[in-house]
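Colleague: Got a structure for you, questions after.
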Amino acid sequence: MAIKLYNPTTPGLRGMTTQDFDQITAKRSNKKLLVAKKRTSARNNQGRITTRHRGGGAKRFYRNISFKLPEGFVGTVEAVEYDPNRSARIALVKSSKGVFHYIIATANHKPGVRVAVGSDVAIEEGNRLPLMNMPIGSTIHAIEMVPGRGAQMVRSAGNSAQLMGRDNGYAQIKLPSGEIRLINEKCTASIGVVSNEQHQNVKIGKAGRKRHMGFRPTVRGVVQNAVDHPHGGGDGGRHGIGGGKNHGTSPKTPWGQKTLGFKTRSKRASNKFIVRSRHQGKRK
C-alpha cells in the first residue's frame, strides 16, 4: 500500500499525503451492521469534559465489529471497507449460514479469501485459533486477554505481535511496544498483520483536515494566563514552565497534577504477567 502525494497548488496541499485506498473494494457499508454514533465531544454522563480538545468533525456511523466469532465459524471475505472509527481496514465476512460479520482485515485480505475459527483450523493468514495450537514464532493480532472475552490487543493499523514461546499454561507474546507478556494459552488470536501499514506515514497537512476528524485546537500552558493554567502567567516576555510564583517547579496539568515522574498507575495493578517491560530497552 502506497502513500498518495499532492501537487503543491496551495499551502495546505504542500506536504499533505493520504492513503491510496487500493485495498478497499466496497462502495458502501452493510446497513444492518451500522449503528448511529452520537458525538459526545468527550463529555461523560454528567456533562463534564473527560478529554480536552475534542468536538465537531464529520458525522460517522459505528461499524459493529465481531471481536468474538464463535467456535467452528467458517466464512468468506465479501469486501474490504474503510472504517472512520479505527485506523485499520475492516473486512465484511459472510458465514456459511449466510450471516454477515465485520472483522479486522489483515494486510492480504481480499474478496474470496476464506476465514475460519477453531482449535484445528489451518495455520493461514486471517484464521483464528487458540495460542496453544499455533507454532512458535507466529505473527498474530487481535489477541484475547481473557479466554472468551474477545480480541482486545493489537488491533490498530500495521500492528502485529509475535508468539515467543509457551510454558505452564501461558504463552509469551512480544507486543508492538516491545513488552513481552504472559497470556493464557487458551486465548485466541488471528494470524497475520493488521491492514493499512502506511497509516503512520500519512501527513495531515492542514488544520482543517484535523478538525474534520473531531480534534479542536490545543494551546500550550505557558502562553495562557495564570488563572487558566499552572504554567501560565509571568511579567511579560517568554518564561519557563510554572511562571510567576510557580516558576521553576515541575510541569503540571491544568488541575495541578504532576506530569513528569509522577506515578499514576493503580495500586491494584500487577506486573506478574509482564516478563519484560516496554521501558526496559529505553533505560540502557
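Letters A, B, ... mark the chains of the C-alpha cells in the order given; residue numbers begin at 1 per chain; ligand numbers begin at 1, in order shown.
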For Lys94 of chain A, find every residue with an atom within 6 Å (counting only C-alpha atoms), except residues of its own chain fewer than 4 positions away, and show them as a list in words.

Modeller: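 So, after excluding close chain neighbours, the residues are Gly75, Thr76, Gly98, Val99 and Phe100 of chain A.
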
Colleague: Report as a list in words all protein, DNA and RNA residues lying within 12 Å of Ser41 of chain A, evaluated on only C-alpha atoms, omitting residues in the same chain fewer than 6 positions from it.

Modeller: Gly47, Arg48, Ile49, Thr50, Thr51, Arg52, His53, Arg54, Gly55, Gly56, Gly57, Met213, Gly214, Phe215 and Arg216 of chain A

Colleague: Run DSSP on the backbone and give me the residues of segment 138-267 of chain A it puts in helix (DSSP H, G or I), as a list in words.

Modeller: Glu197, Gln198, His199, Gln200, Asn201, Ala207, Gly208, Arg209, Lys210, Arg211, His212, Gly221, Val222, Val223, Gly244, Lys245 and Asn246 of chain A

Colleague: Grab the residues selected above and save them as a short mmCIF file (atom, residue, chain, number, x, y, z; two decimals), in the first residue's frame with N, CA and C atoms.

Modeller:
```
data_model
loop_
_atom_site.label_atom_id
_atom_site.label_comp_id
_atom_site.auth_asym_id
_atom_site.auth_seq_id
_atom_site.Cartn_x
_atom_site.Cartn_y
_atom_site.Cartn_z
N GLU A 197 -0.81 -0.66 6.65
CA GLU A 197 0.50 -0.49 7.28
C GLU A 197 1.06 0.92 7.14
N GLN A 198 0.64 1.68 6.14
CA GLN A 198 1.18 3.02 5.90
C GLN A 198 0.46 4.11 6.68
N HIS A 199 -0.44 3.73 7.57
CA HIS A 199 -1.22 4.73 8.31
C HIS A 199 -0.33 5.73 9.06
N GLN A 200 0.75 5.25 9.66
CA GLN A 200 1.60 6.13 10.46
C GLN A 200 2.39 7.12 9.62
N ASN A 201 2.47 6.91 8.31
CA ASN A 201 3.25 7.79 7.44
C ASN A 201 2.42 8.89 6.79
N ALA A 207 -4.82 22.35 9.14
CA ALA A 207 -5.61 22.33 10.37
C ALA A 207 -7.04 21.88 10.11
N GLY A 208 -7.60 22.27 8.96
CA GLY A 208 -9.00 21.92 8.68
C GLY A 208 -9.22 20.43 8.60
N ARG A 209 -8.25 19.71 8.10
CA ARG A 209 -8.38 18.25 8.00
C ARG A 209 -8.44 17.62 9.39
N LYS A 210 -7.69 18.19 10.32
CA LYS A 210 -7.73 17.69 11.70
C LYS A 210 -9.08 18.00 12.35
N ARG A 211 -9.67 19.15 12.01
CA ARG A 211 -10.97 19.49 12.57
C ARG A 211 -12.05 18.54 12.07
N HIS A 212 -11.93 18.09 10.81
CA HIS A 212 -12.89 17.12 10.27
C HIS A 212 -12.83 15.80 11.03
N GLY A 221 0.31 25.50 27.76
CA GLY A 221 0.01 26.10 29.06
C GLY A 221 0.82 27.36 29.34
N VAL A 222 2.08 27.43 28.84
CA VAL A 222 2.95 28.56 29.18
C VAL A 222 2.50 29.86 28.53
N VAL A 223 1.63 29.79 27.53
CA VAL A 223 1.15 31.01 26.89
C VAL A 223 -0.24 31.40 27.39
N GLY A 244 5.51 33.06 37.15
CA GLY A 244 5.10 33.74 38.38
C GLY A 244 5.66 33.05 39.61
N LYS A 245 4.80 32.80 40.58
CA LYS A 245 5.24 32.19 41.83
C LYS A 245 5.66 30.73 41.64
N ASN A 246 5.13 30.09 40.60
CA ASN A 246 5.43 28.67 40.38
C ASN A 246 6.62 28.45 39.45
#
```

Colleague: If you count only C-alpha atoms, which residues fall within 9 Å of segment 144-160 of chain A, apart from same-chain ones fewer than 2 positions away, as a ChimeraX atom specification?

Modeller: /A:66-69,86-89,104,106-107,139-142,162,175-176,183-190,192-200

Colleague: What lies within 12 Å of Asn271 of chain A using only C-alpha atoms, ignoring chain neighbours under 4 positions off, as a PyMOL selection string?

Modeller: chain A and resi 179-182+265-267+275-278

Colleague: Mind giving me the straight-line distance from atom CA of Arg14 of chain A to atom CA of Val202 of chain A in Å, one decimal?

Modeller: 13.0 Å

Colleague: What does the distance from atom CA of Gly112 of chain A to atom CA of Pro84 of chain A come to in Å, to one decimal?

Modeller: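 It comes out at 23.8 Å.
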
Colleague: Which one of A:Met134, A:Ala79, A:Ala2, A:Ile204 sits closest to His109 of chain A if you count only C-alpha atoms?

Modeller: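 Of all the options, A:Ala79 lies closest to His109 of chain A.
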
Colleague: Could you please write out, as a PyMOL selection string, every residue of segment 39-275 of chain A that DSSP assigns to strand (DSSP E)?

Modeller: chain A and resi 61-63+74-81+90-95+100-104+114-116+128-130+139-141+143-144+151-153+161-167+170-174+180-184+188-191+274-275

Colleague: Gly256 of chain A: which residues within 10 Å, counting only C-alpha atoms, same-chain residues fewer than 2 positions away excluded, as a list in words?

Modeller: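 The filter keeps His229, Pro230, His231, Pro251, Lys252, Thr253, Pro254, Lys258 and Thr259 of chain A.
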
Colleague: Take the residues just selected and output them with N, CA and C atoms as a compact mmCIF listing (two decimals), in the first residue's frame.

Modeller:
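Saved to again07.txt:
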```
# COMPACT_ATOMS: atom_id res chain seq x y z
N HIS A 229 -4.02 28.20 33.85
CA HIS A 229 -3.10 27.06 33.83
C HIS A 229 -1.95 27.31 34.80
N PRO A 230 -1.47 26.26 35.50
CA PRO A 230 -0.33 26.43 36.41
C PRO A 230 0.94 26.91 35.71
N HIS A 231 1.09 26.66 34.41
CA HIS A 231 2.27 27.12 33.68
C HIS A 231 2.15 28.57 33.23
N PRO A 251 6.42 20.33 35.74
CA PRO A 251 5.24 20.51 34.88
C PRO A 251 4.00 19.89 35.50
N LYS A 252 2.86 20.53 35.25
CA LYS A 252 1.60 20.07 35.82
C LYS A 252 0.48 20.14 34.78
N THR A 253 -0.59 19.44 35.06
CA THR A 253 -1.80 19.55 34.27
C THR A 253 -2.54 20.82 34.68
N PRO A 254 -3.60 21.20 33.94
CA PRO A 254 -4.36 22.38 34.36
C PRO A 254 -4.96 22.26 35.75
N LYS A 258 0.97 16.49 38.74
CA LYS A 258 2.30 16.42 38.13
C LYS A 258 2.26 15.52 36.90
N THR A 259 3.05 15.89 35.88
CA THR A 259 3.02 15.15 34.62
C THR A 259 4.32 14.44 34.28
```
